[in-house]
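*Asks:* So that we are looking at the same thing, I have put the structure below in structure tokens.
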Amino acid sequence: FMSEDTAESEFSVTEKKIHLFTLKEGADDQDVANDLKRVLLKYGMYTVIISDIIEEILEAQNAFFNLFNAFLSLGLIIGIIGLGIITLRAVYERRHEIGMMRAIGFKRRAVLLAFVSESTFIALSGIILGTVMGVILGWNLWREEVSEDLPLFGIPFSRILIVGGIALGFALLSCIPPSRMATKVSPA
């Protein structure tokens with residue numbers, strides 16, 4: 001890169017020029033850039049290492065996505081805790097029903113499975129619905145904003161399954177203690 005005045009006075013060039021250099025394998029890009037600056041500074045040459053600029057841009061994008069993931073994770077944690085609280089509340093509000101179930105012969109295990117099954121259904125519904133809505137939102141954003149730059153739309157199925165499995169596991173862990181409390185309700 002060179003100033004317009006220097007390019008015009010020294011080389012009779014009136015347009016801006018950009019020169020791209022490919023370095024030999026093993027050459028240090030920072031050393032080459034510094035050498036070019038030192039030797040050609042009198043002509044107004046300015047060097048930029050493109051890979052460094054790309055890394056800075058990617059760092060900024062990754063920071064944004066990490067912040068976005070943190071907010072989504074926080075929402076997931078709050079949802080899991082909320083499911084545990086809802087299960088706890090259901091146990092307290094259904095004490096009479098649980099007592100009647102136990103009085104007509106339901107075993108403690110059946111009562112536990114009833115509450116765990118209900119919580120599993122709620123958690124799975126939320127995970128599936130959230131995943132479908134997230135994929136639809138991602139596809140809409142891709143189609144409207146980046147489909148020309150990124151020609152392929154991809155869905156990270158393995159990551160979705162891992163996060164969904166972890167969320168389901170923690171949801172079940174949060175609903176097991178209240179469900180165990182339900183098994184201790186006496187038939188009387």
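The chains in the structure tokens are called A, B, ... from first to last as shown; in each chain the residues are counted from 1, and the ligands are counted from 1 in the order shown.
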Which parts of range 2-108 of chain A does DSSP call helix (DSSP H, G or I) when run on the backbone here, written out as a ChimeraX atom specification?
*Replies:* /A:4-11,29-43,50-93,95-103,108
*Asks:* Near range 92-102 of chain A, counting only C-alpha atoms, which residues have an atom at most 10 Å away, once you skip same-chain residues fewer than 2 positions from it, shown as a list of chain:residue names?
*Replies:*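 The filter keeps A:Ile86, A:Thr87, A:Leu88, A:Arg89, A:Ala90, A:Ile104, A:Gly105, A:Phe106, A:Lys107, A:Arg108, A:Ala110, A:Val111, A:Pro178, A:Met181, A:Ala182, A:Thr183, A:Lys184, A:Val185, A:Ser186, A:Pro187, A:Ala188.
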*Asks:* For the selection you just gave me, I'd like the residues written to a file as a PDB file, in the first residue's frame, keeping C-alpha atoms.
*Replies:*
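Done, and the output landed in selection-v9.pdb:
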ATOM      1  CA  ILE A  86     -43.162 -27.335  38.758  1.00  0.00           C
ATOM      2  CA  THR A  87     -42.770 -31.001  39.707  1.00  0.00           C
ATOM      3  CA  LEU A  88     -42.368 -30.052  43.369  1.00  0.00           C
ATOM      4  CA  ARG A  89     -45.490 -27.933  43.200  1.00  0.00           C
ATOM      5  CA  ALA A  90     -47.413 -30.695  41.457  1.00  0.00           C
ATOM      6  CA  ILE A 104     -56.367 -48.180  45.613  1.00  0.00           C
ATOM      7  CA  GLY A 105     -53.152 -50.143  45.343  1.00  0.00           C
ATOM      8  CA  PHE A 106     -50.568 -48.094  43.439  1.00  0.00           C
ATOM      9  CA  LYS A 107     -47.063 -49.010  44.540  1.00  0.00           C
ATOM     10  CA  ARG A 108     -44.521 -46.325  45.410  1.00  0.00           C
ATOM     11  CA  ALA A 110     -45.757 -46.534  40.095  1.00  0.00           C
ATOM     12  CA  VAL A 111     -46.252 -43.126  41.718  1.00  0.00           C
ATOM     13  CA  PRO A 178     -39.852 -34.120  44.188  1.00  0.00           C
ATOM     14  CA  MET A 181     -41.312 -37.064  47.892  1.00  0.00           C
ATOM     15  CA  ALA A 182     -44.562 -38.104  46.191  1.00  0.00           C
ATOM     16  CA  THR A 183     -43.843 -41.755  46.995  1.00  0.00           C
ATOM     17  CA  LYS A 184     -43.754 -40.918  50.697  1.00  0.00           C
ATOM     18  CA  VAL A 185     -47.335 -39.627  50.780  1.00  0.00           C
ATOM     19  CA  SER A 186     -49.341 -42.027  52.903  1.00  0.00           C
ATOM     20  CA  PRO A 187     -52.644 -43.495  51.653  1.00  0.00           C
ATOM     21  CA  ALA A 188     -54.389 -41.973  54.631  1.00  0.00           C
TER      22      ALA A 188
END
*Asks:* When you count only C-alpha atoms, which of these residues is closest to Ile50 in chain A: A:Phe21, A:Phe121, A:Phe170, A:Trp142?
*Replies:*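 Using only C-alpha atoms, Ile50 in chain A sits closest to A:Phe21.
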*Asks:* Neighbouring residues of Pro151 in chain A were defined as those with any atom within 12 Å, considering only C-alpha atoms; residues of the same chain fewer than 5 positions away were excluded. Please report them as a list in words.
*Replies:*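 Here the qualifying residues turn out to be Trp139, Trp142, Arg143, Glu145 and Val146 of chain A.
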*Asks:* Name the residues in contact with Ile155 in chain A at a cut-off of 12 Å, using only C-alpha atoms, excluding same-chain residues fewer than 6 positions from it; report them as a ChimeraX atom specification.
*Replies:* /A:131-132,134-139,142,161
*Asks:* Pull N, CA, C and O atoms from the residues just selected and write them as a short mmCIF file (atom, residue, chain, number, x, y, z; two decimals), in the first residue's frame.
*Replies:*
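The resulting part-v9.cif:
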data_model
loop_
_atom_site.label_atom_id
_atom_site.label_comp_id
_atom_site.auth_asym_id
_atom_site.auth_seq_id
_atom_site.Cartn_x
_atom_site.Cartn_y
_atom_site.Cartn_z
N THR A 131 -35.79 -27.13 19.56
CA THR A 131 -34.89 -27.51 18.47
C THR A 131 -35.50 -27.18 17.12
O THR A 131 -34.84 -26.60 16.25
N VAL A 132 -36.75 -27.53 16.93
CA VAL A 132 -37.42 -27.25 15.66
C VAL A 132 -37.49 -25.74 15.40
O VAL A 132 -37.18 -25.27 14.30
N GLY A 134 -35.50 -23.47 16.65
CA GLY A 134 -34.14 -22.99 16.42
C GLY A 134 -33.66 -23.28 15.00
O GLY A 134 -33.03 -22.44 14.36
N VAL A 135 -33.98 -24.47 14.50
CA VAL A 135 -33.59 -24.81 13.12
C VAL A 135 -34.34 -23.92 12.12
O VAL A 135 -33.75 -23.43 11.16
N ILE A 136 -35.61 -23.68 12.36
CA ILE A 136 -36.39 -22.81 11.46
C ILE A 136 -35.83 -21.39 11.49
O ILE A 136 -35.65 -20.76 10.45
N LEU A 137 -35.52 -20.88 12.68
CA LEU A 137 -34.94 -19.55 12.79
C LEU A 137 -33.58 -19.48 12.10
O LEU A 137 -33.29 -18.53 11.35
N GLY A 138 -32.74 -20.50 12.31
CA GLY A 138 -31.44 -20.54 11.65
C GLY A 138 -31.56 -20.58 10.14
O GLY A 138 -30.81 -19.91 9.42
N TRP A 139 -32.51 -21.37 9.64
CA TRP A 139 -32.71 -21.46 8.20
C TRP A 139 -33.18 -20.12 7.64
O TRP A 139 -32.70 -19.68 6.59
N TRP A 142 -30.23 -17.77 7.59
CA TRP A 142 -29.33 -18.16 6.51
C TRP A 142 -29.88 -17.73 5.16
O TRP A 142 -29.18 -17.15 4.35
N LEU A 161 -28.06 -33.35 19.43
CA LEU A 161 -28.36 -34.54 20.23
C LEU A 161 -27.63 -34.52 21.57
O LEU A 161 -28.19 -34.90 22.60
#
